[in-house]
Each structure stands twice: as structure tokens, then as C-alpha cells.
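entry.pdb, holding PDB, C-alpha atoms:
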```pdb
ATOM      1  CA  MET H   1     147.213  95.882  74.220
ATOM      2  CA  LYS H   2     151.002  95.321  74.015
ATOM      3  CA  ARG H   3     152.752  95.913  70.700
ATOM      4  CA  PRO H   4     156.151  94.563  69.472
ATOM      5  CA  LEU H   5     159.235  96.806  69.624
ATOM      6  CA  HIS H   6     159.376  97.309  65.871
ATOM      7  CA  PHE H   7     155.859  98.765  66.026
ATOM      8  CA  VAL H   8     156.955 101.361  68.609
ATOM      9  CA  ILE H   9     159.941 102.330  66.378
ATOM     10  CA  LEU H  10     157.666 102.718  63.369
ATOM     11  CA  LEU H  11     155.260 104.844  65.401
ATOM     12  CA  CYS H  12     158.123 107.161  66.443
ATOM     13  CA  MET H  13     159.303 107.427  62.818
ATOM     14  CA  ALA H  14     155.782 108.269  61.749
ATOM     15  CA  SER H  15     155.511 111.053  64.307
ATOM     16  CA  THR H  16     158.746 112.642  63.065
ATOM     17  CA  GLY H  17     157.837 112.375  59.401
ATOM     18  CA  ILE H  18     160.677 109.931  58.493
ATOM     19  CA  LEU H  19     158.296 107.489  56.798
ATOM     20  CA  PRO H  20     157.712 108.220  53.101
ATOM     21  CA  ALA H  21     154.371 109.642  52.055
ATOM     22  CA  THR H  22     151.857 107.302  50.444
ATOM     23  CA  GLN H  23     148.941 107.965  48.191
ATOM     24  CA  THR H  24     145.963 109.295  50.163
ATOM     25  CA  LYS H  25     142.981 106.940  50.404
ATOM     26  CA  GLN H  26     139.617 107.659  51.942
ATOM     27  CA  VAL H  27     137.236 105.295  53.727
ATOM     28  CA  PRO H  28     133.529 106.003  53.168
ATOM     29  CA  GLN H  29     132.008 108.017  56.002
ATOM     30  CA  ALA H  30     129.232 105.448  56.353
ATOM     31  CA  GLU H  31     131.790 102.982  57.716
ATOM     32  CA  GLN H  32     133.148 105.357  60.331
ATOM     33  CA  GLY H  33     130.410 104.658  62.833
ATOM     34  CA  GLN H  34     130.693 100.891  62.295
ATOM     35  CA  VAL H  35     134.440 100.458  62.845
ATOM     36  CA  LYS H  36     135.407  99.403  66.348
ATOM     37  CA  ARG H  37     138.892  98.197  65.541
ATOM     38  CA  LEU H  38     141.717  99.322  63.325
ATOM     39  CA  ILE H  39     143.452  96.045  62.469
ATOM     40  CA  LEU H  40     147.177  96.311  61.748
ATOM     41  CA  LYS H  41     149.148  94.216  59.284
ATOM     42  CA  ASP H  42     151.074  92.512  62.101
ATOM     43  CA  GLY H  43     147.800  91.104  63.440
ATOM     44  CA  SER H  44     147.383  93.490  66.370
ATOM     45  CA  TYR H  45     144.657  96.095  66.510
ATOM     46  CA  GLU H  46     143.655  99.401  68.039
ATOM     47  CA  LEU H  47     140.298  99.907  69.730
ATOM     48  CA  VAL H  48     138.954 103.210  68.465
ATOM     49  CA  SER H  49     135.796 105.241  68.825
ATOM     50  CA  ARG H  50     136.416 107.283  65.639
ATOM     51  CA  TYR H  51     139.179 108.103  63.175
ATOM     52  CA  THR H  52     140.079 110.324  60.237
ATOM     53  CA  ILE H  53     142.516 109.826  57.346
ATOM     54  CA  GLU H  54     144.844 112.776  56.848
ATOM     55  CA  GLY H  55     147.219 112.236  53.932
ATOM     56  CA  ASP H  56     149.434 109.241  54.675
ATOM     57  CA  ARG H  57     148.400 109.127  58.324
ATOM     58  CA  VAL H  58     145.366 107.887  60.249
ATOM     59  CA  ARG H  59     144.379 109.944  63.238
ATOM     60  CA  TYR H  60     142.183 108.069  65.705
ATOM     61  CA  TYR H  61     140.737 108.454  69.184
ATOM     62  CA  SER H  62     141.854 105.516  71.334
ATOM     63  CA  ALA H  63     139.040 103.837  73.231
ATOM     64  CA  GLU H  64     141.626 102.434  75.649
ATOM     65  CA  ARG H  65     143.774 105.485  76.411
ATOM     66  CA  PHE H  66     141.140 108.160  75.713
ATOM     67  CA  ALA H  67     143.477 110.292  73.625
ATOM     68  CA  TRP H  68     144.092 111.166  69.984
ATOM     69  CA  GLU H  69     146.907 109.151  68.354
ATOM     70  CA  GLU H  70     148.315 108.614  64.857
ATOM     71  CA  LEU H  71     149.498 105.740  62.716
ATOM     72  CA  PRO H  72     150.859 105.509  59.171
ATOM     73  CA  TYR H  73     148.111 104.643  56.723
ATOM     74  CA  SER H  74     150.250 101.804  55.293
ATOM     75  CA  MET H  75     150.441  99.960  58.646
ATOM     76  CA  ILE H  76     146.696  99.255  58.702
ATOM     77  CA  ASP H  77     145.191  96.171  57.072
ATOM     78  CA  TRP H  78     142.223  97.947  55.580
ATOM     79  CA  ALA H  79     140.661  94.809  54.096
ATOM     80  CA  ALA H  80     140.681  93.051  57.483
ATOM     81  CA  THR H  81     139.448  96.220  59.177
ATOM     82  CA  LYS H  82     136.537  96.439  56.767
ATOM     83  CA  ARG H  83     135.671  92.748  57.156
ATOM     84  CA  TYR H  84     135.656  93.046  60.940
ATOM     85  CA  ALA H  85     133.529  96.189  60.815
ATOM     86  CA  GLY H  86     130.957  94.469  58.616
ATOM     87  CA  GLN H  87     130.889  91.366  60.809
ATOM     88  CA  ALA H  88     130.592  93.437  63.992
ATOM     89  CA  ALA H  89     127.752  95.490  62.521
ATOM     90  CA  HIS H  90     125.935  92.325  61.418
ATOM     91  CA  GLU H  91     126.304  90.724  64.861
ATOM     92  CA  ALA H  92     125.152  93.933  66.545
ATOM     93  CA  ASP H  93     122.050  94.004  64.328
ATOM     94  CA  GLU H  94     121.304  90.372  65.211
ATOM     95  CA  ARG H  95     121.658  91.091  68.926
ATOM     96  CA  ARG H  96     119.380  94.110  68.666
ATOM     97  CA  ASN H  97     116.780  92.130  66.741
ATOM     98  CA  GLU H  98     116.897  89.247  69.228
ATOM     99  CA  ALA H  99     116.634  91.624  72.169
ATOM    100  CA  SER H 100     113.740  93.455  70.538
ATOM    101  CA  GLU H 101     111.875  90.225  69.771
ATOM    102  CA  SER H 102     112.476  88.901  73.289
ATOM    103  CA  ALA H 103     111.256  92.156  74.838
ATOM    104  CA  ALA H 104     108.174  92.088  72.601
ATOM    105  CA  ARG H 105     107.367  88.511  73.677
ATOM    106  CA  GLU H 106     107.801  89.371  77.352
ATOM    107  CA  ARG H 107     105.674  92.488  76.975
ATOM    108  CA  LYS H 108     102.954  90.529  75.200
ATOM    109  CA  GLU H 109     102.909  87.931  77.984
ATOM    110  CA  GLU H 110     102.825  90.652  80.647
ATOM    111  CA  ASP H 111      99.962  92.375  78.853
ATOM    112  CA  ALA H 112      98.075  89.072  78.715
ATOM    113  CA  HIS H 113      98.414  88.661  82.504
ATOM    114  CA  LEU H 114      97.703  92.324  83.281
ATOM    115  CA  PRO H 115      95.776  93.629  80.272
ATOM    116  CA  LEU H 116      95.075  97.260  79.598
ATOM    117  CA  VAL H 117      91.271  97.378  79.408
ATOM    118  CA  ALA H 118      91.024 101.103  78.647
ATOM    119  CA  PRO H 119      93.523 103.922  78.053
ATOM    120  CA  GLY H 120      95.496 104.266  81.290
ATOM    121  CA  LEU H 121      93.450 101.533  83.003
ATOM    122  CA  ARG H 122      95.116  98.181  83.629
ATOM    123  CA  ILE H 123      93.798  95.228  85.635
ATOM    124  CA  PRO H 124      95.475  95.670  89.033
ATOM    125  CA  ALA H 125      96.541  92.081  89.845
ATOM    126  CA  PRO H 126      97.324  88.917  87.860
ATOM    127  CA  GLU H 127      94.476  86.852  89.339
ATOM    128  CA  GLY H 128      91.141  87.240  91.064
ATOM    129  CA  VAL H 129      87.712  88.625  90.233
ATOM    130  CA  PHE H 130      87.434  92.411  89.942
ATOM    131  CA  LEU H 131      84.534  94.817  89.546
ATOM    132  CA  LEU H 132      85.301  97.991  87.626
ATOM    133  CA  ASP H 133      83.271 100.753  89.246
ATOM    134  CA  GLU H 134      83.088 104.524  88.876
ATOM    135  CA  PHE H 135      82.889 106.629  92.010
ATOM    136  CA  GLN H 136      82.732 110.428  91.984
ATOM    137  CA  GLY H 137      83.691 110.444  88.322
ATOM    138  CA  LYS H 138      86.793 108.243  88.703
ATOM    139  CA  PRO H 139      87.222 104.568  87.744
ATOM    140  CA  GLU H 140      87.965 102.210  90.631
ATOM    141  CA  TRP H 141      88.843  98.534  90.878
ATOM    142  CA  ASN H 142      87.176  96.437  93.574
ATOM    143  CA  LYS H 143      88.218  92.859  94.250
ATOM    144  CA  LEU H 144      85.338  90.482  94.888
ATOM    145  CA  GLY H 145      85.651  87.717  97.451
ATOM    146  CA  GLN H 146      83.718  84.461  97.348
ATOM    147  CA  SER H 147      80.676  84.014  99.552
ATOM    148  CA  GLY H 148      78.757  80.882 100.400
ATOM    149  CA  GLY H 149      79.370  77.866 102.609
ATOM    150  CA  ASP H 150      82.718  76.883 104.096
ATOM    151  CA  LEU H 151      84.613  80.024 103.106
ATOM    152  CA  ASN H 152      87.646  79.181 105.172
ATOM    153  CA  LYS H 153      89.690  78.045 102.161
ATOM    154  CA  ASN H 154      90.846  79.566  98.903
ATOM    155  CA  MET H 155      88.997  82.860  99.287
ATOM    156  CA  GLY H 156      88.713  84.946  96.158
ATOM    157  CA  SER H 157      89.931  82.272  93.744
ATOM    158  CA  ASN H 158      87.977  80.740  90.915
ATOM    159  CA  ILE H 159      88.635  77.079  91.689
ATOM    160  CA  LEU H 160      85.511  74.924  91.421
ATOM    161  CA  ARG H 161      84.506  73.461  94.762
ATOM    162  CA  GLY H 162      81.307  72.755  96.679
ATOM    163  CA  ILE H 163      79.265  71.691  93.639
ATOM    164  CA  ILE H 164      75.578  71.385  94.467
ATOM    165  CA  ASN H 165      74.283  67.837  93.983
ATOM    166  CA  PRO H 166      70.884  67.452  95.628
ATOM    167  CA  VAL H 167      69.400  64.033  96.257
ATOM    168  CA  SER H 168      65.869  62.968  95.363
ATOM    169  CA  GLY H 169      63.174  64.750  97.277
ATOM    170  CA  SER H 170      65.535  67.398  98.599
ATOM    171  CA  LYS H 171      65.667  71.155  98.373
ATOM    172  CA  GLN H 172      68.858  73.154  98.448
ATOM    173  CA  THR H 173      69.598  76.831  98.334
ATOM    174  CA  VAL H 174      72.667  78.870  97.701
ATOM    175  CA  GLU H 175      72.331  81.464 100.408
ATOM    176  CA  ILE H 176      74.633  84.375 101.291
ATOM    177  CA  LYS H 177      74.499  85.703 104.820
ATOM    178  CA  GLY H 178      73.643  89.351 105.310
ATOM    179  CA  PRO H 179      71.485  91.748 103.274
ATOM    180  CA  HIS H 180      74.271  93.442 101.295
ATOM    181  CA  ALA H 181      77.586  92.647  99.639
ATOM    182  CA  ASN H 182      80.690  94.465 100.814
ATOM    183  CA  VAL H 183      81.300  95.837  97.313
ATOM    184  CA  GLN H 184      78.640  98.058  95.771
ATOM    185  CA  SER H 185      78.734  99.332  92.196
ATOM    186  CA  HIS H 186      77.863 103.002  91.828
ATOM    187  CA  ILE H 187      77.034 102.566  88.145
ATOM    188  CA  ALA H 188      74.220 100.510  86.622
ATOM    189  CA  VAL H 189      76.438  98.810  84.021
ATOM    190  CA  PRO H 190      79.490  97.547  85.926
ATOM    191  CA  SER H 191      82.117  95.341  84.310
ATOM    192  CA  LEU H 192      83.494  92.220  85.961
ATOM    193  CA  TYR H 193      86.924  90.850  85.093
ATOM    194  CA  PHE H 194      87.401  87.163  85.833
ATOM    195  CA  SER H 195      90.837  85.496  85.826
ATOM    196  CA  ILE H 196      91.323  82.098  84.227
ATOM    197  CA  ASP H 197      94.327  79.793  84.500
ATOM    198  CA  PRO H 198      94.704  78.084  81.112
ATOM    199  CA  ALA H 199      96.957  75.447  82.704
ATOM    200  CA  ASP H 200      94.280  74.423  85.224
ATOM    201  CA  THR H 201      92.478  71.475  83.641
ATOM    202  CA  THR H 202      90.109  71.101  86.615
ATOM    203  CA  MET H 203      88.195  74.220  85.576
ATOM    204  CA  GLY H 204      86.755  72.515  82.522
ATOM    205  CA  TYR H 205      86.802  75.684  80.422
ATOM    206  CA  ASN H 206      89.066  78.462  79.194
ATOM    207  CA  SER H 207      88.752  82.109  78.220
ATOM    208  CA  THR H 208      87.238  81.142  74.863
ATOM    209  CA  THR H 209      84.549  78.813  76.251
ATOM    210  CA  ALA H 210      83.801  80.724  79.477
ATOM    211  CA  GLN H 211      80.519  82.101  78.070
ATOM    212  CA  SER H 212      78.603  78.941  79.028
ATOM    213  CA  HIS H 213      80.220  78.627  82.474
ATOM    214  CA  LEU H 214      79.708  82.080  84.002
ATOM    215  CA  LYS H 215      76.407  83.735  84.827
ATOM    216  CA  VAL H 216      75.181  86.693  86.879
ATOM    217  CA  VAL H 217      72.207  86.190  89.194
ATOM    218  CA  ARG H 218      70.009  88.734  90.917
ATOM    219  CA  CYS H 219      69.626  87.649  94.538
ATOM    220  CA  ALA H 220      66.297  87.418  96.338
ATOM    221  CA  ASP H 221      65.900  88.631  99.893
ATOM    222  CA  LYS H 222      64.910  86.125 102.568
ATOM    223  CA  LYS H 223      64.917  87.080 106.234
ATOM    224  CA  GLY H 224      67.898  89.385 105.846
ATOM    225  CA  ASN H 225      69.930  86.980 103.722
ATOM    226  CA  ARG H 226      70.464  86.769  99.968
ATOM    227  CA  ILE H 227      69.213  83.754  98.034
ATOM    228  CA  VAL H 228      71.205  83.063  94.879
ATOM    229  CA  ALA H 229      69.365  79.927  93.762
ATOM    230  CA  THR H 230      66.819  77.401  94.974
ATOM    231  CA  ILE H 231      67.021  73.880  93.590
ATOM    232  CA  ASP H 232      64.198  71.358  94.015
ATOM    233  CA  ILE H 233      64.442  67.758  92.930
ATOM    234  CA  ALA H 234      61.305  65.642  92.964
ATOM    235  CA  VAL H 235      61.225  62.023  94.067
ATOM    236  CA  TYR H 236      60.736  60.986  90.442
ATOM    237  CA  GLY H 237      63.940  62.810  89.475
ATOM    238  CA  LYS H 238      62.785  66.065  87.919
ATOM    239  CA  VAL H 239      65.027  69.003  88.839
ATOM    240  CA  ARG H 240      63.671  72.529  89.056
ATOM    241  CA  GLU H 241      65.885  75.533  89.580
ATOM    242  CA  LYS H 242      64.598  78.914  90.696
ATOM    243  CA  THR H 243      67.127  81.549  89.700
ATOM    244  CA  GLN H 244      66.815  85.056  88.282
ATOM    245  CA  TYR H 245      69.586  85.367  85.700
ATOM    246  CA  VAL H 246      70.791  88.672  84.270
ATOM    247  CA  GLY H 247      71.540  89.029  80.576
ATOM    248  CA  ILE H 248      75.318  89.309  80.167
ATOM    249  CA  ALA H 249      78.024  89.248  77.520
ATOM    250  CA  VAL H 250      81.274  87.361  78.235
ATOM    251  CA  GLU H 251      84.214  88.692  76.229
ATOM    252  CA  ARG H 252      87.636  87.086  76.008
ATOM    253  CA  ILE H 253      90.343  89.637  76.906
ATOM    254  CA  SER H 254      93.353  87.289  76.829
ATOM    255  CA  ASP H 255      94.196  83.677  77.650
ATOM    256  CA  TYR H 256      94.004  84.685  81.310
ATOM    257  CA  TRP H 257      91.016  87.039  81.501
ATOM    258  CA  VAL H 258      87.406  87.433  80.453
ATOM    259  CA  LYS H 259      85.173  90.471  80.796
ATOM    260  CA  ILE H 260      81.599  90.041  81.992
ATOM    261  CA  ALA H 261      79.189  92.914  81.435
ATOM    262  CA  PRO H 262      75.383  93.226  81.558
ATOM    263  CA  VAL H 263      73.646  93.790  78.251
ATOM    264  CA  SER H 264      71.449  96.453  79.857
ATOM    265  CA  SER H 265      71.345  98.580  82.993
ATOM    266  CA  MET H 266      71.015  96.624  86.224
ATOM    267  CA  PRO H 267      68.377  97.763  88.750
ATOM    268  CA  ALA H 268      69.585  98.550  92.241
ATOM    269  CA  GLY H 269      69.870  95.336  94.205
ATOM    270  CA  GLU H 270      72.126  92.457  95.189
ATOM    271  CA  TYR H 271      73.828  90.196  92.658
ATOM    272  CA  ALA H 272      76.222  87.286  92.412
ATOM    273  CA  LEU H 273      78.584  85.964  89.765
ATOM    274  CA  VAL H 274      78.046  82.209  89.535
ATOM    275  CA  GLU H 275      80.308  79.546  88.050
ATOM    276  CA  PHE H 276      79.218  76.236  86.475
ATOM    277  CA  ASP H 277      81.342  73.160  85.794
ATOM    278  CA  LYS H 278      81.485  71.274  82.502
ATOM    279  CA  LYS H 279      78.449  69.182  83.545
ATOM    280  CA  GLY H 280      76.379  72.280  84.253
ATOM    281  CA  SER H 281      76.490  71.955  88.038
ATOM    282  CA  MET H 282      76.550  75.192  90.002
ATOM    283  CA  ASN H 283      79.441  76.083  92.266
ATOM    284  CA  GLN H 284      77.938  77.074  95.624
ATOM    285  CA  PHE H 285      80.798  79.541  96.216
ATOM    286  CA  VAL H 286      79.870  82.725  94.387
ATOM    287  CA  TRP H 287      81.228  86.257  94.018
ATOM    288  CA  ASP H 288      78.725  88.733  95.407
ATOM    289  CA  PHE H 289      78.280  92.446  94.732
ATOM    290  CA  GLY H 290      75.539  95.004  94.717
ATOM    291  CA  VAL H 291      74.368  97.863  92.525
ATOM    292  CA  ASN H 292      73.542 101.035  94.420
ATOM    293  CA  PRO H 293      74.382 104.477  92.969
ATOM    294  CA  ALA H 294      73.731 106.043  96.393
ATOM    295  CA  ALA H 295      76.098 103.745  98.297
ATOM    296  CA  PRO H 296      79.110 105.228 100.109
ATOM    297  CA  ALA H 297      82.660 104.601  98.936
ATOM    298  CA  ASN H 298      83.745 100.973  98.916
ATOM    299  CA  PRO H 299      86.044 100.112 101.840
ATOM    300  CA  ALA H 300      89.082  99.252  99.710
ATOM    301  CA  THR H 301      89.784 100.005  96.091
ATOM    302  CA  LEU H 302      92.675  99.049  93.846
ATOM    303  CA  VAL H 303      94.297 101.426  91.406
ATOM    304  CA  GLY H 304      95.919  99.656  88.449
ATOM    305  CA  ASP H 305      98.717 101.797  87.025
ATOM    306  CA  PRO H 306      99.441 101.171  83.311
ATOM    307  CA  GLU H 307     103.204 101.271  83.941
ATOM    308  CA  ARG H 308     103.352  99.305  87.203
ATOM    309  CA  LYS H 309     102.523  95.738  88.127
ATOM    310  CA  GLU H 310     101.752  96.304  91.795
ATOM    311  CA  PRO H 311      98.414  97.850  92.836
ATOM    312  CA  VAL H 312      98.143 100.576  95.409
ATOM    313  CA  LEU H 313      95.685  99.780  98.198
ATOM    314  CA  MET H 314      93.644 102.693  99.501
ATOM    315  CA  GLN H 315      91.633 102.140 102.666
ATOM    316  CA  LYS H 316      88.449 104.157 103.031
ATOM    317  CA  SER H 317      86.020 104.483 105.891
ATOM    318  CA  ARG H 318      82.604 102.959 105.255
ATOM    319  CA  THR H 319      79.195 103.473 106.795
ATOM    320  CA  THR H 320      76.470 100.947 106.132
ATOM    321  CA  THR H 321      73.327 102.139 104.376
ATOM    322  CA  LYS H 322      70.565 100.179 102.764
ATOM    323  CA  PRO H 323      70.053 100.559  98.999
TER     324      PRO H 323
END
```
Can you turn what I pasted into C-alpha cells?
Amino acid sequence: MKRPLHFVILLCMASTGILPATQTKQVPQAEQGQVKRLILKDGSYELVSRYTIEGDRVRYYSAERFAWEELPYSMIDWAATKRYAGQAAHEADERRNEASESAARERKEEDAHLPLVAPGLRIPAPEGVFLLDEFQGKPEWNKLGQSGGDLNKNMGSNILRGIINPVSGSKQTVEIKGPHANVQSHIAVPSLYFSIDPADTTMGYNSTTAQSHLKVVRCADKKGNRIVATIDIAVYGKVREKTQYVGIAVERISDYWVKIAPVSSMPAGEYALVEFDKKGSMNQFVWDFGVNPAAPANPATLVGDPERKEPVLMQKSRTTTKP
């Protein structure tokens, strides 16, 4: 910054020793790291990175000119310098605290969307339904797609649609084409991770109340297809459902995720994750998977990195074998 002419004259006098000596004063070392300005009595200031007091002179390293310079001790307004240092330190602490709190909030929200479910194992995408498998000793994520009728819209989401509502005297089935699901679990106790949008009021439930809305069904074989459920309704109104449910535990992971796991080992076979609305009606679009320890590698797996948000897709060749 520019200084008045009388300041330049005083600086020259100081460098030649013309100015009289003053009593030496010391500033506590604790303040040295806090001071960013040396404020002069004429109202100007020097930006400094550090300084020392040597007799009646102050030797400082200019943060503007990147060189050591000197000033008479008596030219510095030490009270103003100290006040500024304290204020600057206080403001810096406030900024650090605000930044730390903001980062913590953002990290917490990120962890809620992509939670770490085990050391080094994070859910690979912010939405969808995923099966956590283990193949050749390594954990693998497999995304489940929906199967059922009219699959040409909103594949892989968990939006309720196609609710079964049979009329009197009718019989309806939830039937999946083909004998096997594309995704096969190589372990008998797989975990399913189901995303929930807490802002979506059409779902009728959240991660806390999902226990009564999600079920796992063992599918029955019928002429090469998989039957999830058969619903009969008599002419007098009595409804009978034929479904083989699997005992499961639904655990809330965050506002956006629940974990679904069987309470005991699942026999080899074909299964489906089924969703129910708030009235107890079944969604005919289900998420199918199988359990077969002898199955080949799944065609595509997702690797969720704990430090990255984007999954890495690995394509694998697949040959079809029956369980």
C-alpha cells in the first residue's frame, strides 16, 4: 500500500539510526502466529507473515514484497495491532467452525444416500434395489430389475404400480416368465438393499415402516415360469392367497435405505422381493433373484468404492445352467 512522504523519511532515519532508542518491549510469542497486520499510528498498516522485536526496532517479513524490512517500534500502534489480531483470529475460528459443520452435514447427507454397510463396502448407487452377493470369496453388488407384466416403464424403480385387484370369482397370478432370474446369489443368506424416497408420498411408507410393506417370496415352478402368488376370490367375496413367504428381517439403514435379510439360510431356488401398498395390496411388479451356490458369475456386478460415488461396471460372460 502507498505511504505518505513523512513515513518514508522516518523509515530512512530509522535505517540510519538517527531516531532515538526507546525502551524495548516484547509481544508474547503466542500472538506472533495470529498477527496478520502491523497497524501504524498514522492509520496505515503492513501485511506481514511474521515479525520480531529487536530493541527499538521491529523486523518483519512483508507479505506483499516478500522481503525482510524494519520499522521503529514507536511507529506501530500496538493496541490496534493486538485488537485486529484478536478479531482476525476470532473470525478465522468462526469460519473454520462453520466450514467444519457444513462439511459434516454434507458428509452425513451423502452417507445417508450412499451408506457404508460394512468396512470398505458402500452401496454403489443412490437408488435402486441391490443384492449383496459373495462370489469366489469377494463381495459383489448386483442390481435387481423388476419383473412382471408391462415392464416397459420405470424398470428397476420402487414406485407402486400394477396393484392386483381381482374381481369376484376370478383368479389371478403374479407370474414371471422364464425358469431363472438373471441374478443368482452364491450364498444362502444374501442381503437386499432397497432404496426409499422419503419425499415420495405415493409409496405409503418410509424406511421406518417398511417392515410391513416388503416381503420375500419363494417362487413355484409352473411350465417353465415362476409363480410368485396365486390369488383366488370366491363369488361370496372371500379372498385366498397362495404364497410361500420367507422369514425376513427389515432393518432401517438411513432415511433412504432399508436392508432386507433372511432370518435363516435360503434353500436353492427362485425368489422375489414383493412390495405391498398401505392397503395391503400386492404390487405385481416384483424384483426377482435366485439362490444357487453353483451358479456362474452374474453378468454384471457393481463395485461400490467407499471413497467414490460412481460405481464401476464390470461385464462378465455368462452361461446358463439350471440350479
Report task. List the residues selected by the PyMOL selection byres ((chain H and resi 235-250) around 6) in the file shown, writing them as a PyMOL selection string. Result -> chain H and resi 168-169+211+216-218+229-234+251+259-263
Pull C-alpha atoms from the residues just selected and write them as a PDB file, in the frame of the given file.
```pdb
ATOM      1  CA  SER H 168      65.869  62.968  95.363  1.00  0.00           C
ATOM      2  CA  GLY H 169      63.174  64.750  97.277  1.00  0.00           C
ATOM      3  CA  GLN H 211      80.519  82.101  78.070  1.00  0.00           C
ATOM      4  CA  VAL H 216      75.181  86.693  86.879  1.00  0.00           C
ATOM      5  CA  VAL H 217      72.207  86.190  89.194  1.00  0.00           C
ATOM      6  CA  ARG H 218      70.009  88.734  90.917  1.00  0.00           C
ATOM      7  CA  ALA H 229      69.365  79.927  93.762  1.00  0.00           C
ATOM      8  CA  THR H 230      66.819  77.401  94.974  1.00  0.00           C
ATOM      9  CA  ILE H 231      67.021  73.880  93.590  1.00  0.00           C
ATOM     10  CA  ASP H 232      64.198  71.358  94.015  1.00  0.00           C
ATOM     11  CA  ILE H 233      64.442  67.758  92.930  1.00  0.00           C
ATOM     12  CA  ALA H 234      61.305  65.642  92.964  1.00  0.00           C
ATOM     13  CA  GLU H 251      84.214  88.692  76.229  1.00  0.00           C
ATOM     14  CA  LYS H 259      85.173  90.471  80.796  1.00  0.00           C
ATOM     15  CA  ILE H 260      81.599  90.041  81.992  1.00  0.00           C
ATOM     16  CA  ALA H 261      79.189  92.914  81.435  1.00  0.00           C
ATOM     17  CA  PRO H 262      75.383  93.226  81.558  1.00  0.00           C
ATOM     18  CA  VAL H 263      73.646  93.790  78.251  1.00  0.00           C
TER      19      VAL H 263
END
```
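Among the candidates H:Val48, H:Ala300, H:Ile187, H:Ala220, the residue lying nearest to H:Lys36 is H:Val48 (atoms considered: only C-alpha atoms).
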Query - Minimum-distance residue to H:Tyr271, chosen among H:Ser185, H:Thr201, H:Asn206, H:Thr81 (using all atoms listed in the file) - result: H:Ser185
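Between atom CA of H:Thr202 and atom CA of H:Val183 lies a distance of 28.4 Å.
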Query raised in the report: Once the PyMOL selection byres ((chain H and resi 135) around 12) has been applied to the shown file, what residues remain in the selection, as a PyMOL selection string?
Result: chain H and resi 132-134+136-142+184-188+190+292-298+301
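Nearest to H:Ser212 of all the residues H:Glu275, H:Glu127, H:Glu98, H:Glu109 is H:Glu275, based on all atoms listed in the file.
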Report summary line: In terms of all atoms listed in the file, the residue from H:Ala181, H:Pro72, H:Tyr84, H:Glu106 at minimal distance from H:Gly145 is H:Ala181
Report summary line: Across H:Met203, H:Val258, H:Leu47, H:Leu71, the smallest distance to H:Arg59, with only C-alpha atoms counted, is shown by H:Leu71
Report summary line: Using all atoms listed in the file, the best pick from H:Lys222, H:Ser264, H:Gly204, H:Lys177 as closest to H:Ser191 would be H:Ser264
Report task. Excluding H:Ser74 and residues on its chain fewer than 2 positions from it, collect all residues at most 8 Å away from it, counting all atoms listed in the file, and give them as a PyMOL selection string. Result -> chain H and resi 22+56+72+76-77
Since we have the selection now, will you write its residues out, keeping C-alpha atoms, as a PDB file, keeping the file's coordinate frame?
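Dumped everything to result03.pdb:
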```
ATOM      1  CA  THR H  22     151.857 107.302  50.444  1.00  0.00           C
ATOM      2  CA  ASP H  56     149.434 109.241  54.675  1.00  0.00           C
ATOM      3  CA  PRO H  72     150.859 105.509  59.171  1.00  0.00           C
ATOM      4  CA  ILE H  76     146.696  99.255  58.702  1.00  0.00           C
ATOM      5  CA  ASP H  77     145.191  96.171  57.072  1.00  0.00           C
TER       6      ASP H  77
END
```
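Note that the spacing between atom CA of H:Gln146 and atom CA of H:Ile227 amounts to 14.5 Å.
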